[in-house]
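Engineer: Structure file target35.pdb (PDB, C-alpha atoms and all ligand atoms) right here:
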ATOM      1  CA  MET A   1     102.103  86.231  90.652  1.00  0.00           C
ATOM      2  CA  LYS A   2      99.636  85.203  93.303  1.00  0.00           C
ATOM      3  CA  THR A   3      96.767  82.793  93.357  1.00  0.00           C
ATOM      4  CA  PRO A   4      93.516  84.738  93.600  1.00  0.00           C
ATOM      5  CA  ASN A   5      91.830  82.160  95.739  1.00  0.00           C
ATOM      6  CA  SER A   6      90.235  84.324  98.371  1.00  0.00           C
ATOM      7  CA  PRO A   7      86.789  85.885  98.266  1.00  0.00           C
ATOM      8  CA  ARG A   8      86.815  89.584  97.624  1.00  0.00           C
ATOM      9  CA  ASP A   9      84.554  91.697  99.716  1.00  0.00           C
ATOM     10  CA  GLU A  10      81.857  93.485  97.712  1.00  0.00           C
ATOM     11  CA  SER A  11      79.512  95.058 100.195  1.00  0.00           C
ATOM     12  CA  ARG A  12      80.206  97.484 102.966  1.00  0.00           C
ATOM     13  CA  PRO A  13      80.220  96.236 106.512  1.00  0.00           C
ATOM     14  CA  ALA A  14      77.337  97.107 108.788  1.00  0.00           C
ATOM     15  CA  ALA A  15      77.637 100.277 110.787  1.00  0.00           C
ATOM     16  CA  ALA A  16      78.828 100.448 114.361  1.00  0.00           C
ATOM     17  CA  HIS A  17      82.154 101.658 115.508  1.00  0.00           C
ATOM     18  CA  ASP A  18      85.491 101.023 117.036  1.00  0.00           C
ATOM     19  CA  SER A  19      89.004 102.164 116.240  1.00  0.00           C
ATOM     20  CA  ALA A  20      91.177  99.155 116.951  1.00  0.00           C
ATOM     21  CA  THR A  21      89.952  99.188 120.530  1.00  0.00           C
ATOM     22  CA  LYS A  22      88.210 102.444 121.328  1.00  0.00           C
ATOM     23  CA  PRO A  23      85.345 104.329 119.730  1.00  0.00           C
ATOM     24  CA  ALA A  24      86.276 107.215 117.458  1.00  0.00           C
ATOM     25  CA  GLY A  25      83.408 109.303 118.791  1.00  0.00           C
ATOM     26  CA  LYS A  26      82.908 111.334 115.604  1.00  0.00           C
ATOM     27  CA  SER A  27      82.003 110.675 112.041  1.00  0.00           C
ATOM     28  CA  ILE A  28      83.712 112.193 109.003  1.00  0.00           C
ATOM     29  CA  ASP A  29      83.333 115.996 108.848  1.00  0.00           C
ATOM     30  CA  HIS A  30      83.234 116.744 105.107  1.00  0.00           C
ATOM     31  CA  PRO A  31      83.144 120.575 105.277  1.00  0.00           C
ATOM     32  CA  ARG A  32      86.151 120.548 107.574  1.00  0.00           C
ATOM     33  CA  ILE A  33      88.160 118.402 105.132  1.00  0.00           C
ATOM     34  CA  GLU A  34      87.107 120.701 102.292  1.00  0.00           C
ATOM     35  CA  ARG A  35      88.380 123.755 104.147  1.00  0.00           C
ATOM     36  CA  ALA A  36      91.640 121.997 104.940  1.00  0.00           C
ATOM     37  CA  VAL A  37      92.190 120.912 101.322  1.00  0.00           C
ATOM     38  CA  ARG A  38      91.638 124.476 100.132  1.00  0.00           C
ATOM     39  CA  GLU A  39      94.282 125.556 102.647  1.00  0.00           C
ATOM     40  CA  ILE A  40      96.765 122.973 101.388  1.00  0.00           C
ATOM     41  CA  LEU A  41      96.185 124.029  97.794  1.00  0.00           C
ATOM     42  CA  ALA A  42      96.753 127.682  98.715  1.00  0.00           C
ATOM     43  CA  ALA A  43      99.802 126.735 100.793  1.00  0.00           C
ATOM     44  CA  VAL A  44     101.522 124.978  97.894  1.00  0.00           C
ATOM     45  CA  GLY A  45     100.992 128.049  95.726  1.00  0.00           C
ATOM     46  CA  GLU A  46      97.915 126.952  93.811  1.00  0.00           C
ATOM     47  CA  ASP A  47      94.734 128.902  93.239  1.00  0.00           C
ATOM     48  CA  PRO A  48      91.939 126.852  94.836  1.00  0.00           C
ATOM     49  CA  ASP A  49      89.411 128.917  92.882  1.00  0.00           C
ATOM     50  CA  ARG A  50      90.645 128.051  89.427  1.00  0.00           C
ATOM     51  CA  GLU A  51      88.215 125.918  87.484  1.00  0.00           C
ATOM     52  CA  GLY A  52      90.061 122.597  87.610  1.00  0.00           C
ATOM     53  CA  LEU A  53      90.338 122.739  91.401  1.00  0.00           C
ATOM     54  CA  LEU A  54      86.876 123.965  92.315  1.00  0.00           C
ATOM     55  CA  GLU A  55      85.434 120.507  92.952  1.00  0.00           C
ATOM     56  CA  THR A  56      88.647 119.054  94.352  1.00  0.00           C
ATOM     57  CA  PRO A  57      88.062 119.758  98.077  1.00  0.00           C
ATOM     58  CA  ALA A  58      84.642 118.054  97.998  1.00  0.00           C
ATOM     59  CA  ARG A  59      86.057 115.150  96.005  1.00  0.00           C
ATOM     60  CA  VAL A  60      88.931 114.694  98.446  1.00  0.00           C
ATOM     61  CA  ALA A  61      86.483 114.819 101.360  1.00  0.00           C
ATOM     62  CA  ARG A  62      84.461 111.970  99.839  1.00  0.00           C
ATOM     63  CA  MET A  63      87.644 110.041  99.177  1.00  0.00           C
ATOM     64  CA  TYR A  64      88.831 110.386 102.785  1.00  0.00           C
ATOM     65  CA  ALA A  65      85.398 109.415 104.036  1.00  0.00           C
ATOM     66  CA  GLU A  66      85.792 106.168 102.110  1.00  0.00           C
ATOM     67  CA  MET A  67      89.439 105.503 102.926  1.00  0.00           C
ATOM     68  CA  PHE A  68      88.900 106.158 106.637  1.00  0.00           C
ATOM     69  CA  SER A  69      85.471 104.569 106.949  1.00  0.00           C
ATOM     70  CA  GLY A  70      86.963 101.867 109.165  1.00  0.00           C
ATOM     71  CA  LEU A  71      87.423 104.400 111.972  1.00  0.00           C
ATOM     72  CA  HIS A  72      83.672 104.334 112.453  1.00  0.00           C
ATOM     73  CA  LEU A  73      83.002 100.641 111.961  1.00  0.00           C
ATOM     74  CA  ASP A  74      83.446  97.761 114.362  1.00  0.00           C
ATOM     75  CA  PRO A  75      85.197  94.703 112.873  1.00  0.00           C
ATOM     76  CA  LYS A  76      83.936  92.609 115.804  1.00  0.00           C
ATOM     77  CA  VAL A  77      80.488  92.657 114.212  1.00  0.00           C
ATOM     78  CA  HIS A  78      81.780  90.166 111.653  1.00  0.00           C
ATOM     79  CA  LEU A  79      83.351  87.899 114.250  1.00  0.00           C
ATOM     80  CA  ARG A  80      79.998  87.440 115.951  1.00  0.00           C
ATOM     81  CA  LYS A  81      78.836  85.545 112.853  1.00  0.00           C
ATOM     82  CA  ALA A  82      80.925  82.525 113.835  1.00  0.00           C
ATOM     83  CA  PHE A  83      79.238  79.126 114.005  1.00  0.00           C
ATOM     84  CA  GLN A  84      79.863  75.978 116.055  1.00  0.00           C
ATOM     85  CA  GLU A  85      81.825  73.385 114.129  1.00  0.00           C
ATOM     86  CA  LYS A  86      83.912  70.426 115.231  1.00  0.00           C
ATOM     87  CA  TYR A  87      86.695  71.311 112.823  1.00  0.00           C
ATOM     88  CA  ASP A  88      90.079  71.452 114.497  1.00  0.00           C
ATOM     89  CA  GLU A  89      92.492  71.956 111.647  1.00  0.00           C
ATOM     90  CA  ILE A  90      93.890  75.185 110.275  1.00  0.00           C
ATOM     91  CA  VAL A  91      91.555  77.471 108.328  1.00  0.00           C
ATOM     92  CA  LEU A  92      93.462  79.710 105.938  1.00  0.00           C
ATOM     93  CA  VAL A  93      92.394  82.463 103.582  1.00  0.00           C
ATOM     94  CA  ARG A  94      95.184  83.723 101.401  1.00  0.00           C
ATOM     95  CA  ASP A  95      95.610  86.803  99.234  1.00  0.00           C
ATOM     96  CA  ILE A  96      92.927  89.041 100.699  1.00  0.00           C
ATOM     97  CA  ALA A  97      93.537  92.250  98.772  1.00  0.00           C
ATOM     98  CA  PHE A  98      93.392  95.485 100.747  1.00  0.00           C
ATOM     99  CA  ASN A  99      94.379  99.108 100.606  1.00  0.00           C
ATOM    100  CA  SER A 100      95.136 101.270 103.578  1.00  0.00           C
ATOM    101  CA  VAL A 101      96.701 104.650 104.342  1.00  0.00           C
ATOM    102  CA  CYS A 102     100.057 105.179 106.019  1.00  0.00           C
ATOM    103  CA  GLU A 103      99.583 107.447 108.999  1.00  0.00           C
ATOM    104  CA  HIS A 104     102.993 109.057 108.580  1.00  0.00           C
ATOM    105  CA  HIS A 105     102.433 110.444 105.087  1.00  0.00           C
ATOM    106  CA  LEU A 106      98.722 109.922 104.437  1.00  0.00           C
ATOM    107  CA  LEU A 107      99.712 107.985 101.331  1.00  0.00           C
ATOM    108  CA  PRO A 108      98.193 104.644 100.402  1.00  0.00           C
ATOM    109  CA  PHE A 109      99.814 101.303 100.981  1.00  0.00           C
ATOM    110  CA  MET A 110      98.260  98.242  99.404  1.00  0.00           C
ATOM    111  CA  GLY A 111      98.799  94.558  99.171  1.00  0.00           C
ATOM    112  CA  HIS A 112      97.498  91.253 100.468  1.00  0.00           C
ATOM    113  CA  ALA A 113      96.726  89.751 103.842  1.00  0.00           C
ATOM    114  CA  HIS A 114      96.935  86.026 104.572  1.00  0.00           C
ATOM    115  CA  ILE A 115      95.068  84.846 107.634  1.00  0.00           C
ATOM    116  CA  GLY A 116      95.223  81.421 109.212  1.00  0.00           C
ATOM    117  CA  TYR A 117      93.635  80.325 112.448  1.00  0.00           C
ATOM    118  CA  LEU A 118      93.092  77.191 114.455  1.00  0.00           C
ATOM    119  CA  PRO A 119      89.444  77.150 115.593  1.00  0.00           C
ATOM    120  CA  ASN A 120      88.416  76.467 119.144  1.00  0.00           C
ATOM    121  CA  GLY A 121      84.950  75.100 118.379  1.00  0.00           C
ATOM    122  CA  ARG A 122      83.894  78.243 116.509  1.00  0.00           C
ATOM    123  CA  VAL A 123      84.446  78.717 112.807  1.00  0.00           C
ATOM    124  CA  LEU A 124      83.993  81.948 110.898  1.00  0.00           C
ATOM    125  CA  GLY A 125      82.281  82.309 107.531  1.00  0.00           C
ATOM    126  CA  LEU A 126      85.148  82.699 105.061  1.00  0.00           C
ATOM    127  CA  SER A 127      84.017  86.047 103.699  1.00  0.00           C
ATOM    128  CA  LYS A 128      84.007  87.405 107.248  1.00  0.00           C
ATOM    129  CA  LEU A 129      87.803  87.319 107.360  1.00  0.00           C
ATOM    130  CA  ALA A 130      87.862  89.528 104.284  1.00  0.00           C
ATOM    131  CA  ARG A 131      85.358  91.860 105.938  1.00  0.00           C
ATOM    132  CA  VAL A 132      87.533  92.189 109.024  1.00  0.00           C
ATOM    133  CA  VAL A 133      90.468  93.131 106.783  1.00  0.00           C
ATOM    134  CA  GLU A 134      88.262  95.604 104.945  1.00  0.00           C
ATOM    135  CA  VAL A 135      87.254  97.435 108.132  1.00  0.00           C
ATOM    136  CA  VAL A 136      90.688  97.433 109.766  1.00  0.00           C
ATOM    137  CA  SER A 137      92.485  98.509 106.586  1.00  0.00           C
ATOM    138  CA  HIS A 138      90.319 101.600 106.130  1.00  0.00           C
ATOM    139  CA  ARG A 139      92.081 103.529 108.856  1.00  0.00           C
ATOM    140  CA  PRO A 140      95.211 105.635 108.989  1.00  0.00           C
ATOM    141  CA  GLN A 141      97.888 103.352 110.431  1.00  0.00           C
ATOM    142  CA  VAL A 142     101.182 101.576 110.043  1.00  0.00           C
ATOM    143  CA  GLN A 143     101.268  98.081 108.578  1.00  0.00           C
ATOM    144  CA  GLU A 144     102.644  96.594 111.799  1.00  0.00           C
ATOM    145  CA  ARG A 145      99.624  97.748 113.793  1.00  0.00           C
ATOM    146  CA  MET A 146      97.181  96.646 111.128  1.00  0.00           C
ATOM    147  CA  THR A 147      98.693  93.137 111.283  1.00  0.00           C
ATOM    148  CA  GLU A 148      98.510  93.013 115.087  1.00  0.00           C
ATOM    149  CA  THR A 149      94.979  94.398 115.180  1.00  0.00           C
ATOM    150  CA  ILE A 150      93.652  91.659 112.894  1.00  0.00           C
ATOM    151  CA  ALA A 151      95.459  88.938 114.849  1.00  0.00           C
ATOM    152  CA  ASP A 152      94.212  90.285 118.206  1.00  0.00           C
ATOM    153  CA  LEU A 153      90.629  90.355 116.959  1.00  0.00           C
ATOM    154  CA  LEU A 154      90.771  86.704 115.942  1.00  0.00           C
ATOM    155  CA  GLU A 155      92.459  85.629 119.133  1.00  0.00           C
ATOM    156  CA  ASN A 156      90.305  87.617 121.550  1.00  0.00           C
ATOM    157  CA  ASP A 157      86.933  87.852 119.844  1.00  0.00           C
ATOM    158  CA  LEU A 158      86.802  84.591 117.933  1.00  0.00           C
ATOM    159  CA  GLY A 159      88.747  82.741 120.625  1.00  0.00           C
ATOM    160  CA  ALA A 160      90.940  80.943 118.101  1.00  0.00           C
ATOM    161  CA  LYS A 161      93.573  78.593 119.575  1.00  0.00           C
ATOM    162  CA  GLY A 162      96.117  79.972 117.171  1.00  0.00           C
ATOM    163  CA  VAL A 163      96.228  82.904 114.769  1.00  0.00           C
ATOM    164  CA  ALA A 164      98.741  83.694 112.033  1.00  0.00           C
ATOM    165  CA  VAL A 165      98.457  86.902 110.051  1.00  0.00           C
ATOM    166  CA  VAL A 166     100.935  87.800 107.310  1.00  0.00           C
ATOM    167  CA  VAL A 167     100.574  91.093 105.464  1.00  0.00           C
ATOM    168  CA  GLU A 168     102.551  91.974 102.338  1.00  0.00           C
ATOM    169  CA  ALA A 169     102.254  95.493 101.042  1.00  0.00           C
ATOM    170  CA  SER A 170     103.772  98.080  98.789  1.00  0.00           C
ATOM    171  CA  HIS A 171     103.969 101.546 100.345  1.00  0.00           C
ATOM    172  CA  THR A 172     103.602 104.499  98.031  1.00  0.00           C
ATOM    173  CA  CYS A 173     105.449 106.627 100.582  1.00  0.00           C
ATOM    174  CA  MET A 174     108.485 104.502  99.698  1.00  0.00           C
ATOM    175  CA  THR A 175     107.891 104.279  95.972  1.00  0.00           C
ATOM    176  CA  ILE A 176     106.910 107.803  94.895  1.00  0.00           C
ATOM    177  CA  ARG A 177     108.834 109.890  97.421  1.00  0.00           C
ATOM    178  CA  GLY A 178     111.744 109.651  99.856  1.00  0.00           C
ATOM    179  CA  VAL A 179     113.955 106.665  99.003  1.00  0.00           C
ATOM    180  CA  ARG A 180     111.883 105.875  95.865  1.00  0.00           C
ATOM    181  CA  LYS A 181     112.163 102.113  95.828  1.00  0.00           C
ATOM    182  CA  PRO A 182     109.427 100.827  93.533  1.00  0.00           C
ATOM    183  CA  GLY A 183     108.816  97.112  93.787  1.00  0.00           C
ATOM    184  CA  SER A 184     109.820  96.883  97.441  1.00  0.00           C
ATOM    185  CA  LEU A 185     107.439  94.834  99.523  1.00  0.00           C
ATOM    186  CA  CYS A 186     106.998  95.193 103.256  1.00  0.00           C
ATOM    187  CA  VAL A 187     106.114  91.942 105.028  1.00  0.00           C
ATOM    188  CA  THR A 188     104.775  91.850 108.584  1.00  0.00           C
ATOM    189  CA  SER A 189     103.456  88.956 110.608  1.00  0.00           C
ATOM    190  CA  ALA A 190     101.671  88.377 113.890  1.00  0.00           C
ATOM    191  CA  MET A 191     101.540  84.944 115.525  1.00  0.00           C
ATOM    192  CA  LYS A 192      99.228  84.183 118.439  1.00  0.00           C
ATOM    193  CA  GLY A 193      98.469  81.164 120.585  1.00  0.00           C
ATOM    194  CA  VAL A 194      99.829  77.825 119.326  1.00  0.00           C
ATOM    195  CA  PHE A 195     101.357  79.460 116.260  1.00  0.00           C
ATOM    196  CA  ARG A 196     103.479  81.505 118.600  1.00  0.00           C
ATOM    197  CA  SER A 197     104.310  78.830 121.156  1.00  0.00           C
ATOM    198  CA  ASN A 198     104.633  75.746 118.946  1.00  0.00           C
ATOM    199  CA  VAL A 199     107.332  75.690 116.277  1.00  0.00           C
ATOM    200  CA  SER A 200     105.818  72.875 114.207  1.00  0.00           C
ATOM    201  CA  SER A 201     102.347  74.474 114.201  1.00  0.00           C
ATOM    202  CA  ARG A 202     103.899  77.708 113.042  1.00  0.00           C
ATOM    203  CA  ALA A 203     105.854  75.889 110.320  1.00  0.00           C
ATOM    204  CA  GLU A 204     102.625  74.240 109.170  1.00  0.00           C
ATOM    205  CA  VAL A 205     100.676  77.482 108.855  1.00  0.00           C
ATOM    206  CA  MET A 206     103.581  79.272 107.181  1.00  0.00           C
ATOM    207  CA  SER A 207     103.929  76.487 104.623  1.00  0.00           C
ATOM    208  CA  LEU A 208     100.205  76.800 103.901  1.00  0.00           C
ATOM    209  CA  ILE A 209     100.648  80.534 103.391  1.00  0.00           C
ATOM    210  CA  TYR A 210     103.780  80.326 101.257  1.00  0.00           C
ATOM    211  CA  GLY A 211     103.873  76.678 100.201  1.00  0.00           C
ATOM    212  CA  SER A 212     102.191  76.238  96.842  1.00  0.00           C
ATOM    213  CA  ARG A 213     102.367  79.860  95.854  1.00  0.00           C
ATOM    214  CA  ALA A 214     102.541  80.299  92.087  1.00  0.00           C
ATOM    215  CA  LYS A 215     105.142  83.000  91.522  1.00  0.00           C
TER     216      LYS A 215
HETATM  217 ZN    ZN B 301     104.578 106.461 105.011  1.00  0.00          ZN
END
Write the structure described by the file as structure tokens, please.
Ligand SMILES: [Zn+2]

Structural biologist:
Amino acid sequence: MKTPNSPRDESRPAAAHDSATKPAGKSIDHPRIERAVREILAAVGEDPDREGLLETPARVARMYAEMFSGLHLDPKVHLRKAFQEKYDEIVLVRDIAFNSVCEHHLLPFMGHAHIGYLPNGRVLGLSKLARVVEVVSHRPQVQERMTETIADLLENDLGAKGVAVVVEASHTCMTIRGVRKPGSLCVTSAMKGVFRSNVSSRAEVMSLIYGSRAK
């Protein structure tokens, strides 16, 4: 349904930390997660000591460490890799796949981010946009804040003249529980700079994002 034309991120970002704006202060405490998972299992009426569940708390701890790794990484690291370039047209990377975790239910939501920006003398390596998404997505959050966080980073730390971020995601907290609406897609956008103030610039970036999409 979508054109897979964006680079996928293979390696983990370099360590450092930041959580949207402020440091998290701690790293992931595996034994604490393990104790908590045992408690949940007991609380739902399971026997945490039966064979099939014995390794589960440790496995869940490793999984959370991965899914929330972005709490202890600083996405700005990747924005510092920008280079001087006299390119003053829109740069767009579409269909950056991500998965994140909804902070209301601790269930995954996953989808694609599309990021366009208008450089102000500094251009970012294309894979760096995917790395920023990778770091920011690996935090407990709501999709709206994830979208804003990415846009703010590009506006403030890259100094882009305009930033457009569109995120499309499917939320498992809506598909497997509650209203149970599989197939529903949540779309959020954040427009900064000229894409916010100038209607024709915004129309241009939105047509690049949605224009030649193969459905
Ligand atoms: Zn949720």

Engineer: Here is a test: counting all atoms listed in the file, which residue of A:Val136, A:Gly125, A:Glu51, A:Ile176 is nearest to Leu107 of chain A?

Structural biologist: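 That would be A:Ile176, the residue with the smallest distance to Leu107 of chain A.
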
Engineer: Pick from A:Ser189, A:Ser100, A:Thr149, A:Ser200: nearest to ligand ZN 301 (chain B), with all atoms listed in the file counted?

Structural biologist: A:Ser100

Engineer: Taking only C-alpha atoms and all ligand atoms into account, list the residues no farther than 10 Å from ligand ZN 301 (chain B), as an MDAnalysis selection string.

Structural biologist: chainID A and resid 101:109 141:143 171:175 177:178

Engineer: To one decimal place, how far is atom CA of Val199 of chain A from atom CA of Gly162 of chain A in Å?

Structural biologist: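 So the answer is 12.0 Å.
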
Engineer: When the PyMOL selection byres (((chain A and resi 53-56) around 12) and not hetatm) is applied to the structure above, which residues does it catch, written out as a PDB file with C-alpha atoms, in the frame of the given file?

Structural biologist:
ATOM      1  CA  ILE A  33      88.160 118.402 105.132  1.00  0.00           C
ATOM      2  CA  GLU A  34      87.107 120.701 102.292  1.00  0.00           C
ATOM      3  CA  ARG A  35      88.380 123.755 104.147  1.00  0.00           C
ATOM      4  CA  ALA A  36      91.640 121.997 104.940  1.00  0.00           C
ATOM      5  CA  VAL A  37      92.190 120.912 101.322  1.00  0.00           C
ATOM      6  CA  ARG A  38      91.638 124.476 100.132  1.00  0.00           C
ATOM      7  CA  GLU A  39      94.282 125.556 102.647  1.00  0.00           C
ATOM      8  CA  ILE A  40      96.765 122.973 101.388  1.00  0.00           C
ATOM      9  CA  LEU A  41      96.185 124.029  97.794  1.00  0.00           C
ATOM     10  CA  ALA A  42      96.753 127.682  98.715  1.00  0.00           C
ATOM     11  CA  GLU A  46      97.915 126.952  93.811  1.00  0.00           C
ATOM     12  CA  ASP A  47      94.734 128.902  93.239  1.00  0.00           C
ATOM     13  CA  PRO A  48      91.939 126.852  94.836  1.00  0.00           C
ATOM     14  CA  ASP A  49      89.411 128.917  92.882  1.00  0.00           C
ATOM     15  CA  ARG A  50      90.645 128.051  89.427  1.00  0.00           C
ATOM     16  CA  GLU A  51      88.215 125.918  87.484  1.00  0.00           C
ATOM     17  CA  GLY A  52      90.061 122.597  87.610  1.00  0.00           C
ATOM     18  CA  PRO A  57      88.062 119.758  98.077  1.00  0.00           C
ATOM     19  CA  ALA A  58      84.642 118.054  97.998  1.00  0.00           C
ATOM     20  CA  ARG A  59      86.057 115.150  96.005  1.00  0.00           C
ATOM     21  CA  VAL A  60      88.931 114.694  98.446  1.00  0.00           C
ATOM     22  CA  ALA A  61      86.483 114.819 101.360  1.00  0.00           C
ATOM     23  CA  ARG A  62      84.461 111.970  99.839  1.00  0.00           C
ATOM     24  CA  MET A  63      87.644 110.041  99.177  1.00  0.00           C
TER      25      MET A  63
END

Engineer: I need the residue set behind the PyMOL selection byres (((chain A and resi 185) around 6) and not hetatm) for this file; please write it as a PyMOL selection string.

Structural biologist: chain A and resi 169-170+184+186

Engineer: Let me know the residues the PyMOL selection byres (((chain A and resi 190) around 9) and not hetatm) catches in the file above, as number ranges by chain.

Structural biologist: A: 144, 147-148, 150-152, 163-167, 188-189, 191-192, 196

Engineer: Provide segment 161-178 of chain A rebuilt to N, CA, C and O atoms, formatted as a PDB file, in the frame of the given file.

Structural biologist:
ATOM      1  N   LYS A 161      92.452  79.161 118.807  1.00  0.00           N
ATOM      2  CA  LYS A 161      93.573  78.593 119.575  1.00  0.00           C
ATOM      3  C   LYS A 161      94.912  79.076 119.041  1.00  0.00           C
ATOM      4  O   LYS A 161      95.913  79.091 119.748  1.00  0.00           O
ATOM      5  N   GLY A 162      94.904  79.427 117.777  1.00  0.00           N
ATOM      6  CA  GLY A 162      96.117  79.972 117.171  1.00  0.00           C
ATOM      7  C   GLY A 162      95.725  80.906 116.048  1.00  0.00           C
ATOM      8  O   GLY A 162      94.716  80.674 115.377  1.00  0.00           O
ATOM      9  N   VAL A 163      96.498  81.971 115.858  1.00  0.00           N
ATOM     10  CA  VAL A 163      96.228  82.904 114.769  1.00  0.00           C
ATOM     11  C   VAL A 163      97.554  83.271 114.117  1.00  0.00           C
ATOM     12  O   VAL A 163      98.541  83.545 114.806  1.00  0.00           O
ATOM     13  N   ALA A 164      97.572  83.244 112.789  1.00  0.00           N
ATOM     14  CA  ALA A 164      98.741  83.694 112.033  1.00  0.00           C
ATOM     15  C   ALA A 164      98.259  84.693 110.992  1.00  0.00           C
ATOM     16  O   ALA A 164      97.378  84.390 110.196  1.00  0.00           O
ATOM     17  N   VAL A 165      98.809  85.889 111.048  1.00  0.00           N
ATOM     18  CA  VAL A 165      98.457  86.902 110.051  1.00  0.00           C
ATOM     19  C   VAL A 165      99.749  87.369 109.389  1.00  0.00           C
ATOM     20  O   VAL A 165     100.696  87.756 110.073  1.00  0.00           O
ATOM     21  N   VAL A 166      99.789  87.283 108.070  1.00  0.00           N
ATOM     22  CA  VAL A 166     100.935  87.800 107.310  1.00  0.00           C
ATOM     23  C   VAL A 166     100.391  88.842 106.342  1.00  0.00           C
ATOM     24  O   VAL A 166      99.409  88.601 105.639  1.00  0.00           O
ATOM     25  N   VAL A 167     101.007  90.019 106.355  1.00  0.00           N
ATOM     26  CA  VAL A 167     100.574  91.093 105.464  1.00  0.00           C
ATOM     27  C   VAL A 167     101.763  91.498 104.594  1.00  0.00           C
ATOM     28  O   VAL A 167     102.872  91.711 105.090  1.00  0.00           O
ATOM     29  N   GLU A 168     101.520  91.551 103.296  1.00  0.00           N
ATOM     30  CA  GLU A 168     102.551  91.974 102.338  1.00  0.00           C
ATOM     31  C   GLU A 168     102.020  93.200 101.620  1.00  0.00           C
ATOM     32  O   GLU A 168     100.923  93.144 101.059  1.00  0.00           O
ATOM     33  N   ALA A 169     102.782  94.275 101.650  1.00  0.00           N
ATOM     34  CA  ALA A 169     102.254  95.493 101.042  1.00  0.00           C
ATOM     35  C   ALA A 169     103.339  96.342 100.411  1.00  0.00           C
ATOM     36  O   ALA A 169     104.497  96.335 100.823  1.00  0.00           O
ATOM     37  N   SER A 170     102.915  97.092  99.422  1.00  0.00           N
ATOM     38  CA  SER A 170     103.772  98.080  98.789  1.00  0.00           C
ATOM     39  C   SER A 170     103.333  99.451  99.298  1.00  0.00           C
ATOM     40  O   SER A 170     102.138  99.762  99.311  1.00  0.00           O
ATOM     41  N   HIS A 171     104.280 100.238  99.750  1.00  0.00           N
ATOM     42  CA  HIS A 171     103.969 101.546 100.345  1.00  0.00           C
ATOM     43  C   HIS A 171     104.308 102.660  99.376  1.00  0.00           C
ATOM     44  O   HIS A 171     105.474 102.824  98.994  1.00  0.00           O
ATOM     45  N   THR A 172     103.311 103.433  98.990  1.00  0.00           N
ATOM     46  CA  THR A 172     103.602 104.499  98.031  1.00  0.00           C
ATOM     47  C   THR A 172     104.502 105.567  98.649  1.00  0.00           C
ATOM     48  O   THR A 172     105.199 106.263  97.926  1.00  0.00           O
ATOM     49  N   CYS A 173     104.524 105.654  99.988  1.00  0.00           N
ATOM     50  CA  CYS A 173     105.449 106.627 100.582  1.00  0.00           C
ATOM     51  C   CYS A 173     106.901 106.196 100.405  1.00  0.00           C
ATOM     52  O   CYS A 173     107.814 106.987 100.603  1.00  0.00           O
ATOM     53  N   MET A 174     107.119 104.951 100.007  1.00  0.00           N
ATOM     54  CA  MET A 174     108.485 104.502  99.698  1.00  0.00           C
ATOM     55  C   MET A 174     108.744 104.449  98.208  1.00  0.00           C
ATOM     56  O   MET A 174     109.894 104.360  97.775  1.00  0.00           O
ATOM     57  N   THR A 175     107.670 104.447  97.411  1.00  0.00           N
ATOM     58  CA  THR A 175     107.891 104.279  95.972  1.00  0.00           C
ATOM     59  C   THR A 175     107.829 105.594  95.204  1.00  0.00           C
ATOM     60  O   THR A 175     108.524 105.760  94.212  1.00  0.00           O
ATOM     61  N   ILE A 176     107.027 106.561  95.672  1.00  0.00           N
ATOM     62  CA  ILE A 176     106.910 107.803  94.895  1.00  0.00           C
ATOM     63  C   ILE A 176     107.617 108.978  95.545  1.00  0.00           C
ATOM     64  O   ILE A 176     107.670 110.063  94.983  1.00  0.00           O
ATOM     65  N   ARG A 177     108.125 108.801  96.754  1.00  0.00           N
ATOM     66  CA  ARG A 177     108.834 109.890  97.421  1.00  0.00           C
ATOM     67  C   ARG A 177     109.952 109.278  98.273  1.00  0.00           C
ATOM     68  O   ARG A 177     110.110 108.079  98.305  1.00  0.00           O
ATOM     69  N   GLY A 178     110.708 110.145  98.955  1.00  0.00           N
ATOM     70  CA  GLY A 178     111.744 109.651  99.856  1.00  0.00           C
ATOM     71  C   GLY A 178     112.757 108.776  99.127  1.00  0.00           C
ATOM     72  O   GLY A 178     113.322 109.177  98.124  1.00  0.00           O
TER      73      GLY A 178
END
